[in-house]
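One file, protein15.txt, carrying compact mmCIF, C-alpha atoms and all ligand atoms:
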```
# COMPACT_ATOMS: atom_id res chain seq x y z
CA MET S 226 55.07 29.89 -15.46
CA GLN S 227 51.55 28.45 -15.65
CA LYS S 228 49.49 28.14 -12.49
CA LEU S 229 48.52 24.75 -11.08
CA GLY S 230 46.28 23.71 -8.18
CA ILE S 231 46.14 20.39 -6.34
CA TYR S 232 42.87 19.01 -4.93
CA ILE S 233 43.16 16.22 -2.36
CA HIS S 234 39.87 14.44 -1.77
CA TRP S 235 39.21 12.67 1.54
CA PRO S 236 35.89 10.87 1.08
CA TYR S 237 35.44 9.56 4.63
CA CYS S 238 32.85 10.90 7.07
CA LEU S 239 31.73 9.95 10.58
CA SER S 240 28.06 10.12 9.63
CA LYS S 241 25.96 10.74 6.58
CA CYS S 242 24.03 14.01 6.29
CA PRO S 243 20.54 13.48 4.83
CA TYR S 244 20.95 16.11 2.08
CA CYS S 245 24.46 15.22 0.94
CA ASP S 246 25.03 13.79 -2.51
CA PHE S 247 28.83 13.99 -2.51
CA TYR S 248 30.73 10.73 -2.84
CA LYS S 249 31.54 9.59 0.69
CA GLU S 250 32.10 6.52 2.83
CA VAL S 251 31.02 6.39 6.45
CA ARG S 252 33.66 4.37 8.26
CA LYS S 253 35.90 4.70 11.26
CA ASP S 254 38.63 2.16 10.40
CA VAL S 255 40.22 4.14 7.59
CA PRO S 256 43.76 2.88 6.82
CA GLN S 257 45.17 6.39 6.65
CA GLU S 258 48.83 5.46 6.25
CA GLN S 259 48.14 3.26 3.23
CA ILE S 260 45.81 5.77 1.57
CA ILE S 261 48.30 8.59 2.02
CA ALA S 262 51.05 6.42 0.49
CA GLU S 263 48.80 5.92 -2.56
CA TYR S 264 48.13 9.67 -2.72
CA LEU S 265 51.87 10.34 -2.83
CA GLU S 266 52.23 7.83 -5.69
CA ASP S 267 49.43 9.56 -7.57
CA LEU S 268 51.05 12.95 -7.02
CA ASP S 269 54.27 11.54 -8.51
CA PHE S 270 52.35 10.27 -11.53
CA TYR S 271 50.79 13.68 -12.24
CA HIS S 272 54.09 15.41 -11.56
CA ASN S 273 55.42 13.84 -14.78
CA PHE S 274 53.00 15.99 -16.79
CA THR S 275 53.16 19.20 -14.78
CA THR S 276 56.85 19.77 -13.97
CA ASP S 277 56.74 23.16 -15.73
CA LYS S 278 53.91 24.51 -13.58
CA ASN S 279 53.84 26.53 -10.40
CA ILE S 280 51.60 25.39 -7.53
CA ILE S 281 49.50 28.26 -6.26
CA SER S 282 47.01 26.28 -4.20
CA VAL S 283 46.38 22.98 -2.45
CA PHE S 284 42.88 22.13 -1.23
CA PHE S 285 41.93 19.27 1.10
CA GLY S 286 38.22 18.68 0.46
CA GLY S 287 35.69 16.01 1.31
CA GLY S 288 34.06 14.15 2.76
CA THR S 289 35.67 15.20 6.00
CA PRO S 290 39.38 15.93 5.55
CA SER S 291 39.61 17.26 9.12
CA LEU S 292 39.69 13.54 10.02
CA ILE S 293 43.10 13.10 8.35
CA GLN S 294 45.80 12.93 10.99
CA PRO S 295 47.76 16.21 10.81
CA GLN S 296 51.05 14.26 10.41
CA TYR S 297 49.75 13.02 7.02
CA ILE S 298 48.67 16.49 5.96
CA ASP S 299 52.20 17.58 6.74
CA LYS S 300 53.58 14.68 4.70
CA ILE S 301 51.52 15.59 1.62
CA ILE S 302 52.41 19.28 1.81
CA ASN S 303 56.11 18.47 2.18
CA HIS S 304 55.95 16.12 -0.77
CA ILE S 305 54.37 18.83 -2.93
CA HIS S 306 57.08 21.31 -1.88
CA LYS S 307 59.78 18.81 -2.82
CA LYS S 308 58.31 18.03 -6.23
CA TRP S 309 57.08 21.35 -7.65
CA PRO S 310 58.00 25.00 -7.57
CA CYS S 311 55.44 26.51 -5.20
CA ALA S 312 54.23 30.10 -5.02
CA LYS S 313 55.55 31.93 -1.98
CA ASN S 314 52.04 32.70 -0.80
CA MET S 315 50.62 29.29 -1.77
CA GLU S 316 47.08 28.89 -0.39
CA ILE S 317 46.63 25.61 1.51
CA SER S 318 42.98 25.09 2.47
CA LEU S 319 41.17 22.41 4.38
CA GLU S 320 37.46 21.76 4.90
CA ALA S 321 36.64 20.92 8.51
CA ASN S 322 33.49 19.83 10.32
CA PRO S 323 32.83 21.66 13.61
CA ASN S 324 32.55 18.44 15.58
CA SER S 325 35.87 16.92 14.60
CA ASN S 326 36.28 16.57 18.34
CA ARG S 327 40.02 16.51 18.59
CA LYS S 328 41.94 18.57 21.06
CA ASN S 329 44.26 21.08 19.38
CA LEU S 330 42.91 20.09 15.96
CA PHE S 331 43.15 23.57 14.47
CA SER S 332 46.57 24.43 15.85
CA ASP S 333 47.86 21.02 14.71
CA LEU S 334 46.48 21.65 11.23
CA LYS S 335 48.15 25.04 11.18
CA ALA S 336 51.45 23.51 12.29
CA ALA S 337 51.08 20.96 9.46
CA GLY S 338 50.92 23.82 6.93
CA ILE S 339 47.21 24.64 6.48
CA ASN S 340 46.77 28.40 6.09
CA ARG S 341 43.07 28.65 5.18
CA LEU S 342 40.27 26.85 7.01
CA SER S 343 36.76 26.36 5.67
CA LEU S 344 34.25 25.25 8.29
CA GLY S 345 31.02 23.41 7.37
CA VAL S 346 28.61 25.13 9.75
CA GLN S 347 25.46 24.86 7.54
CA ALA S 348 23.02 26.67 9.88
CA LEU S 349 23.24 29.15 12.72
CA ASN S 350 20.32 27.83 14.78
CA ASP S 351 19.79 24.54 16.60
CA LYS S 352 16.43 23.73 15.02
CA ASP S 353 17.83 23.73 11.48
CA LEU S 354 21.10 22.06 12.42
CA LYS S 355 18.96 19.20 13.67
CA PHE S 356 16.81 19.24 10.54
CA LEU S 357 19.97 19.07 8.41
CA GLY S 358 21.09 16.03 10.41
CA ARG S 359 24.27 17.71 11.60
CA THR S 360 25.97 16.18 14.60
CA HIS S 361 27.02 19.59 15.99
CA ASN S 362 24.84 22.18 17.68
CA LEU S 363 25.08 25.97 17.54
CA GLN S 364 27.27 26.16 20.62
CA THR S 365 29.83 23.75 19.14
CA ALA S 366 29.73 25.61 15.84
CA LEU S 367 30.38 28.99 17.50
CA LYS S 368 33.19 27.53 19.59
CA SER S 369 34.84 26.08 16.48
CA ILE S 370 34.43 29.35 14.56
CA ASP S 371 36.07 31.20 17.43
CA GLU S 372 39.01 28.76 17.46
CA VAL S 373 39.37 28.94 13.69
CA ILE S 374 39.45 32.75 13.73
CA LYS S 375 42.02 32.76 16.53
CA THR S 376 44.20 30.19 14.75
CA PHE S 377 44.09 31.15 11.05
CA ASP S 378 44.41 34.44 9.17
CA ASN S 379 42.17 33.22 6.37
CA HIS S 380 38.88 31.43 6.94
CA SER S 381 35.44 30.77 5.62
CA ILE S 382 32.18 29.09 6.62
CA ASP S 383 29.58 27.21 4.56
CA LEU S 384 25.90 27.73 5.25
CA ILE S 385 22.97 26.03 3.52
CA TYR S 386 19.88 28.20 3.02
CA ALA S 387 16.52 28.07 1.24
CA ARG S 388 15.66 25.28 3.64
CA PRO S 389 12.03 24.11 3.39
CA HIS S 390 9.84 26.36 5.58
CA GLN S 391 12.69 28.85 6.11
CA THR S 392 11.37 32.42 6.04
CA LEU S 393 13.21 35.52 4.86
CA PRO S 394 13.13 37.15 8.36
CA GLU S 395 14.69 33.96 9.83
CA TRP S 396 17.39 33.98 7.16
CA LYS S 397 18.06 37.70 7.73
CA LYS S 398 18.70 36.93 11.39
CA GLU S 399 21.20 34.21 10.54
CA LEU S 400 22.94 36.32 7.92
CA SER S 401 23.28 39.20 10.40
CA ALA S 402 24.87 36.78 12.85
CA ALA S 403 27.17 35.45 10.10
CA VAL S 404 28.52 38.86 9.09
CA ASN S 405 29.26 39.68 12.73
CA LEU S 406 31.49 36.66 13.23
CA GLY S 407 34.58 38.27 11.66
CA LEU S 408 35.13 35.68 8.91
CA LYS S 409 37.04 36.48 5.72
CA GLN S 410 34.66 34.64 3.39
CA ILE S 411 31.08 33.35 3.59
CA SER S 412 29.89 30.57 1.25
CA LEU S 413 26.14 30.12 0.93
CA TYR S 414 24.53 27.19 -0.85
CA GLN S 415 20.86 26.87 -1.70
CA LEU S 416 19.60 23.51 -0.45
CA THR S 417 19.15 21.11 -3.34
CA ILE S 418 17.28 17.85 -2.86
CA GLU S 419 19.36 15.28 -4.68
CA GLU S 420 18.04 11.94 -5.91
CA GLY S 421 18.95 9.02 -3.67
CA THR S 422 19.54 11.14 -0.54
CA VAL S 423 17.56 10.61 2.67
CA PHE S 424 15.81 13.95 2.08
CA ALA S 425 14.66 12.82 -1.37
CA LYS S 426 13.45 9.47 0.00
CA LYS S 427 11.47 11.28 2.69
CA GLY S 428 9.83 13.42 0.00
CA ILE S 429 11.24 16.68 1.38
CA LEU S 430 10.68 19.43 -1.15
CA PRO S 431 12.97 22.40 -1.74
CA LEU S 432 11.78 25.90 -1.00
CA GLU S 433 9.59 27.28 -3.76
CA GLU S 434 11.64 28.77 -6.61
CA GLU S 435 10.33 32.31 -6.22
CA ALA S 436 11.01 32.42 -2.47
CA ALA S 437 14.53 31.02 -3.03
CA ALA S 438 15.22 33.66 -5.71
CA GLU S 439 14.03 36.38 -3.34
CA MET S 440 16.37 35.06 -0.63
CA TYR S 441 19.26 35.00 -3.08
CA SER S 442 18.73 38.61 -4.17
CA PHE S 443 18.40 39.76 -0.58
CA THR S 444 21.52 37.80 0.41
CA GLU S 445 23.60 39.34 -2.33
CA ASP S 446 22.62 42.92 -1.39
CA PHE S 447 22.93 42.35 2.34
CA LEU S 448 26.37 40.77 2.12
CA ARG S 449 27.68 43.46 -0.24
CA GLN S 450 26.53 46.16 2.18
CA ASN S 451 28.32 44.31 4.98
CA GLY S 452 31.70 43.94 3.29
CA TYR S 453 31.21 40.60 1.51
CA PRO S 454 30.71 41.25 -2.21
CA LYS S 455 29.64 38.29 -4.33
CA TYR S 456 32.47 37.04 -6.54
CA GLU S 457 30.87 33.74 -7.53
CA VAL S 458 27.32 32.34 -7.42
CA SER S 459 27.73 31.01 -3.86
CA ASN S 460 30.84 32.80 -2.59
CA PHE S 461 31.15 36.21 -0.94
CA ALA S 462 34.42 37.88 0.08
CA PRO S 463 36.51 40.97 -0.61
CA PRO S 464 39.11 40.41 -3.38
CA GLN S 465 42.06 39.68 -1.07
CA TYR S 466 40.17 36.80 0.57
CA GLN S 467 38.61 35.14 -2.48
CA SER S 468 39.43 31.43 -2.57
CA ARG S 469 42.36 31.21 -4.97
CA HIS S 470 41.79 27.50 -5.34
CA ASN S 471 38.20 27.77 -6.50
CA LEU S 472 39.16 30.66 -8.79
CA LEU S 473 41.47 28.21 -10.58
CA TYR S 474 38.45 26.09 -11.52
CA TRP S 475 36.23 28.98 -12.49
CA GLN S 476 38.95 30.71 -14.53
CA GLY S 477 39.87 27.49 -16.33
CA ASP S 478 43.39 26.92 -14.99
CA ASP S 479 44.90 23.46 -14.56
CA TYR S 480 44.52 21.37 -11.43
CA ILE S 481 45.42 17.89 -10.31
CA GLY S 482 42.78 15.82 -8.50
CA ILE S 483 43.81 13.07 -6.07
CA GLY S 484 41.41 10.71 -4.24
CA LYS S 485 38.35 8.64 -5.03
CA SER S 486 35.99 11.16 -6.53
CA ALA S 487 38.50 13.83 -7.48
CA HIS S 488 38.99 14.95 -11.06
CA GLY S 489 41.58 17.10 -12.74
CA ARG S 490 42.22 19.16 -15.86
CA ILE S 491 45.75 19.11 -17.24
CA THR S 492 47.11 20.72 -20.40
CA HIS S 493 50.18 18.92 -21.67
CA ASN S 494 51.95 19.25 -25.05
CA GLY S 495 49.07 21.34 -26.40
CA LYS S 496 46.41 18.78 -25.45
CA ILE S 497 43.76 19.03 -22.74
CA TYR S 498 43.13 16.06 -20.46
CA ALA S 499 40.35 15.30 -17.98
CA THR S 500 41.56 13.00 -15.23
CA THR S 501 39.69 10.82 -12.74
CA HIS S 502 40.62 8.34 -10.02
CA ARG S 503 42.90 6.41 -10.31
CA ARG S 504 45.16 8.01 -12.94
CA GLN S 505 42.51 7.69 -15.65
CA THR S 506 42.98 10.26 -18.39
CA GLU S 507 40.76 11.21 -21.28
CA GLU S 508 41.56 13.80 -23.92
CA LEU S 509 39.02 16.61 -24.25
CA THR S 510 38.26 18.31 -27.56
CA PRO S 511 38.73 22.10 -27.65
CA GLU S 512 34.91 22.40 -27.95
CA GLU S 513 34.35 20.30 -24.83
CA ARG S 514 36.78 22.45 -22.87
CA ALA S 515 35.24 25.63 -24.31
CA GLU S 516 31.82 24.61 -22.99
CA GLU S 517 33.27 23.91 -19.55
CA LEU S 518 34.96 27.31 -19.55
CA ILE S 519 31.62 28.98 -20.22
CA ILE S 520 29.85 26.96 -17.51
CA MET S 521 32.53 27.84 -14.96
CA GLY S 522 33.28 31.40 -16.10
CA LEU S 523 29.70 32.66 -15.99
CA ARG S 524 29.54 31.67 -12.31
CA LEU S 525 31.96 34.52 -11.60
CA THR S 526 30.75 38.06 -11.02
CA GLU S 527 33.58 39.27 -13.30
CA GLY S 528 32.42 36.72 -15.90
CA ILE S 529 34.47 35.17 -18.70
CA ASN S 530 37.69 36.80 -19.83
CA LYS S 531 37.67 36.25 -23.62
CA LYS S 532 41.46 36.34 -24.02
CA HIS S 533 41.90 33.82 -21.23
CA PHE S 534 39.16 31.65 -22.80
CA ALA S 535 40.98 31.48 -26.15
CA GLU S 536 44.30 30.67 -24.45
CA LYS S 537 42.70 27.83 -22.46
CA CYS S 538 40.78 26.05 -25.23
CA GLY S 539 42.30 27.34 -28.47
CA ILE S 540 39.02 28.69 -29.85
CA ALA S 541 38.17 32.40 -30.15
CA PHE S 542 35.25 33.22 -27.83
CA ASN S 543 33.22 34.91 -30.59
CA ASP S 544 33.61 31.85 -32.85
CA PHE S 545 32.28 29.48 -30.20
CA VAL S 546 29.13 31.11 -28.86
CA ASN S 547 25.74 31.28 -30.58
CA LYS S 548 25.79 34.95 -31.61
CA ASN S 549 22.04 35.34 -32.21
CA LYS S 550 21.17 33.89 -28.81
CA LEU S 551 23.85 35.98 -27.16
CA GLN S 552 22.42 39.16 -28.72
CA GLU S 553 18.92 38.22 -27.55
CA LEU S 554 20.08 37.57 -23.99
CA LYS S 555 21.93 40.90 -23.89
CA GLU S 556 18.86 42.75 -25.12
CA THR S 557 16.62 41.08 -22.54
CA GLY S 558 19.00 42.06 -19.74
CA PHE S 559 20.49 38.69 -18.77
CA LEU S 560 24.05 39.16 -20.03
CA VAL S 561 26.49 42.06 -20.42
CA GLU S 562 29.25 41.91 -23.05
CA THR S 563 32.34 44.10 -23.36
CA PRO S 564 35.16 43.67 -25.93
CA SER S 565 37.09 41.65 -23.32
CA SER S 566 34.42 39.88 -21.26
CA LEU S 567 30.97 38.37 -20.93
CA LYS S 568 29.15 38.35 -17.62
CA ALA S 569 25.73 37.65 -16.16
CA THR S 570 23.56 40.46 -14.77
CA PRO S 571 21.85 39.98 -11.36
CA LEU S 572 18.79 38.80 -13.35
CA GLY S 573 21.02 36.43 -15.34
CA PHE S 574 22.44 34.87 -12.16
CA LEU S 575 18.94 33.61 -11.32
CA VAL S 576 18.78 31.52 -14.53
CA LEU S 577 22.44 30.78 -15.17
CA ASN S 578 21.99 27.19 -16.38
CA LYS S 579 19.47 28.25 -18.98
CA LEU S 580 21.77 31.01 -20.28
CA ILE S 581 24.64 28.57 -20.65
CA GLU S 582 22.46 26.09 -22.53
CA GLU S 583 21.38 28.80 -24.95
CA ILE S 584 24.72 30.35 -25.83
CA CYS S 585 26.74 27.13 -26.13
C1 LIG C 1 31.81 18.73 0.04
S1 LIG C 1 30.74 19.32 1.25
C2 LIG C 1 31.83 18.93 2.58
C3 LIG C 1 31.80 19.76 3.79
C4 LIG C 1 32.01 19.10 5.13
N1 LIG C 1 32.14 17.70 5.07
C5 LIG C 1 30.84 19.40 6.01
O1 LIG C 1 29.88 18.62 6.01
O2 LIG C 1 30.85 20.40 6.70
C6 LIG C 1 30.86 21.05 0.92
C7 LIG C 1 29.61 21.87 1.16
O3 LIG C 1 28.59 21.57 0.23
C8 LIG C 1 27.35 22.02 0.74
N2 LIG C 1 26.32 21.05 0.38
C9 LIG C 1 26.41 19.70 0.40
N3 LIG C 1 25.26 19.14 -0.01
C10 LIG C 1 24.40 20.17 -0.31
C11 LIG C 1 23.05 20.25 -0.78
N4 LIG C 1 22.33 19.16 -1.06
N5 LIG C 1 22.51 21.47 -0.97
C12 LIG C 1 23.22 22.58 -0.71
N6 LIG C 1 24.49 22.55 -0.26
C13 LIG C 1 25.07 21.37 -0.05
C14 LIG C 1 27.53 22.17 2.25
O4 LIG C 1 27.42 23.53 2.59
C15 LIG C 1 28.94 21.66 2.48
O5 LIG C 1 29.59 22.36 3.50
S1 LIG C 2 27.87 17.15 4.25
FE1 LIG C 2 30.00 16.74 4.81
S2 LIG C 2 29.91 15.47 6.69
FE2 LIG C 2 27.88 15.43 5.77
S3 LIG C 2 27.92 13.53 4.56
FE3 LIG C 2 28.44 15.26 3.16
S4 LIG C 2 30.64 15.35 3.18
FE4 LIG C 2 30.05 14.07 4.94
```

In structure tokens, what does this structure look like?
Ligand SMILES: C[S@@+](CC[C@H](N)C(=O)[O-])C[C@H]1O[C@@H](n2cnc3c(N)ncnc32)[C@H](O)[C@@H]1O
Ligand code: SF4
Amino acid sequence: MQKLGIYIHWPYCLSKCPYCDFYKEVRKDVPQEQIIAEYLEDLDFYHNFTTDKNIISVFFGGGTPSLIQPQYIDKIINHIHKKWPCAKNMEISLEANPNSNRKNLFSDLKAAGINRLSLGVQALNDKDLKFLGRTHNLQTALKSIDEVIKTFDNHSIDLIYARPHQTLPEWKKELSAAVNLGLKQISLYQLTIEEGTVFAKKGILPLEEEAAAEMYSFTEDFLRQNGYPKYEVSNFAPPQYQSRHNLLYWQGDDYIGIGKSAHGRITHNGKIYATTHRRQTEELTPEERAEELIIMGLRLTEGINKKHFAEKCGIAFNDFVNKNKLQELKETGFLVETPSSLKATPLGFLVLNKLIEEIC
């Protein structure tokens, strides 16, 4: 049976972080009951095209999905169980903000069916939490991390690094603190200054490219030595704790996307569809899907599995890529090819977008 994931997007936040470019709405009066009813209708719609698939993962992302009342999380998970065959060890993740401020939030989420919690910590010092416009301080973050670890068996935190003026010794200190927390996964994102954000309007510049690359290389080595090998550009965990949901995207499996800025990829009757809110579907050509598979697959440390690639888009890997460019990039040490795979070297990971552009 083919694998399927379900992404549930909750776009609402209590405040707007100055760096964040994700689609979101800052409002307190969210009509949760009505929105959840619409989500269930949308799940039913997509069920019609995916009855033959097995759900291996559900992911509540945002925005701030820790603001959804746990009773509605429970309702969605139950609905999914009723509609589809679900893997016994189905991963059910939720992204939470440390200041969600509700008593028993984590135990209620666990009781509702969440079995993996990803906490948006962003920095492990008060100065930078303030700079990033977060509404939690270090003490709140550490308290939430402690509760998460006590409540869930599988957990992860997000940190943003390569902040302007951040030095490597400062980052080393934070990383050392992060690996001592006892988390199963650590996700680290280089700060990007996105057009239209408060940071961009204030003229804040990202850390210089060379310094950011140095931080990335250090981070990768340090985390590997401390039990968190890199499995994707920004994600570090031993194999048993890699996010199964995100692996679905990077390995090119199907997923349903529900909610305002969610999208999906569904293969049905030999055709590949891209879906957007609300129930909009557009057929993709095999070439369009092939390019996506390269963009996603090269993000993984294990790279692109050529057999999997051909199964997902219907084109043989060697027929799709620019062979001369590929040869050049292998010779210059950016890519490594085996009969079954193509992957980026550590040098290649520093210029991934350029590599993709050249071989597609
Ligand atoms: C979809 S956001 C939602 C997370 C959650 N609402 C929170 O704020 O903790 C997922 C992650 O993207 C990262 N992120 C968002 N904007 C970013 C930016 N401009 N640069 C780097 N990372 C960013 C943050 O680490 C964040 O936790
Ligand atoms: S980073 Fe998270 S909390 Fe902040 S605005 Fe973006 S989605 Fe909302």

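Closest approach to ligand LIG 2 (chain C) among S:Lys307, S:Arg504, S:Arg514, S:Arg252: S:Arg252, based on all atoms listed in the file.
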
Can you measure atom CA of Glu316 of chain S to atom C8 of ligand LIG 1 (chain C) for me? One decimal in Å is fine. 20.9 Å

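Proximity of S:Pro310, S:Gly452, S:Pro290, S:Pro511 to Leu229 of chain S, computed with all atoms listed in the file, is greatest for S:Pro310.
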
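When only C-alpha atoms and all ligand atoms are used to compute distances to ligand LIG 2 (chain C), the closest of the residues S:Leu416, S:Ile231, S:Leu472, S:Leu432 turns out to be S:Leu416.
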
All residues having an atom within 8 Å of ligand LIG 2 (chain C) (all atoms listed in the file) as a short mmCIF file (atom, residue, chain, number, x, y, z; two decimals) with C-alpha atoms, keeping the file's coordinate frame:
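What ended up in selection15.cif:
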```
data_model
loop_
_atom_site.label_atom_id
_atom_site.label_comp_id
_atom_site.auth_asym_id
_atom_site.auth_seq_id
_atom_site.Cartn_x
_atom_site.Cartn_y
_atom_site.Cartn_z
CA PRO S 236 35.89 10.87 1.08
CA TYR S 237 35.44 9.56 4.63
CA CYS S 238 32.85 10.90 7.07
CA LEU S 239 31.73 9.95 10.58
CA SER S 240 28.06 10.12 9.63
CA LYS S 241 25.96 10.74 6.58
CA CYS S 242 24.03 14.01 6.29
CA PRO S 243 20.54 13.48 4.83
CA TYR S 244 20.95 16.11 2.08
CA CYS S 245 24.46 15.22 0.94
CA ASP S 246 25.03 13.79 -2.51
CA PHE S 247 28.83 13.99 -2.51
CA TYR S 248 30.73 10.73 -2.84
CA LYS S 249 31.54 9.59 0.69
CA VAL S 251 31.02 6.39 6.45
CA GLY S 287 35.69 16.01 1.31
CA GLY S 288 34.06 14.15 2.76
CA THR S 289 35.67 15.20 6.00
CA ASN S 322 33.49 19.83 10.32
CA GLY S 345 31.02 23.41 7.37
CA ARG S 359 24.27 17.71 11.60
#
```
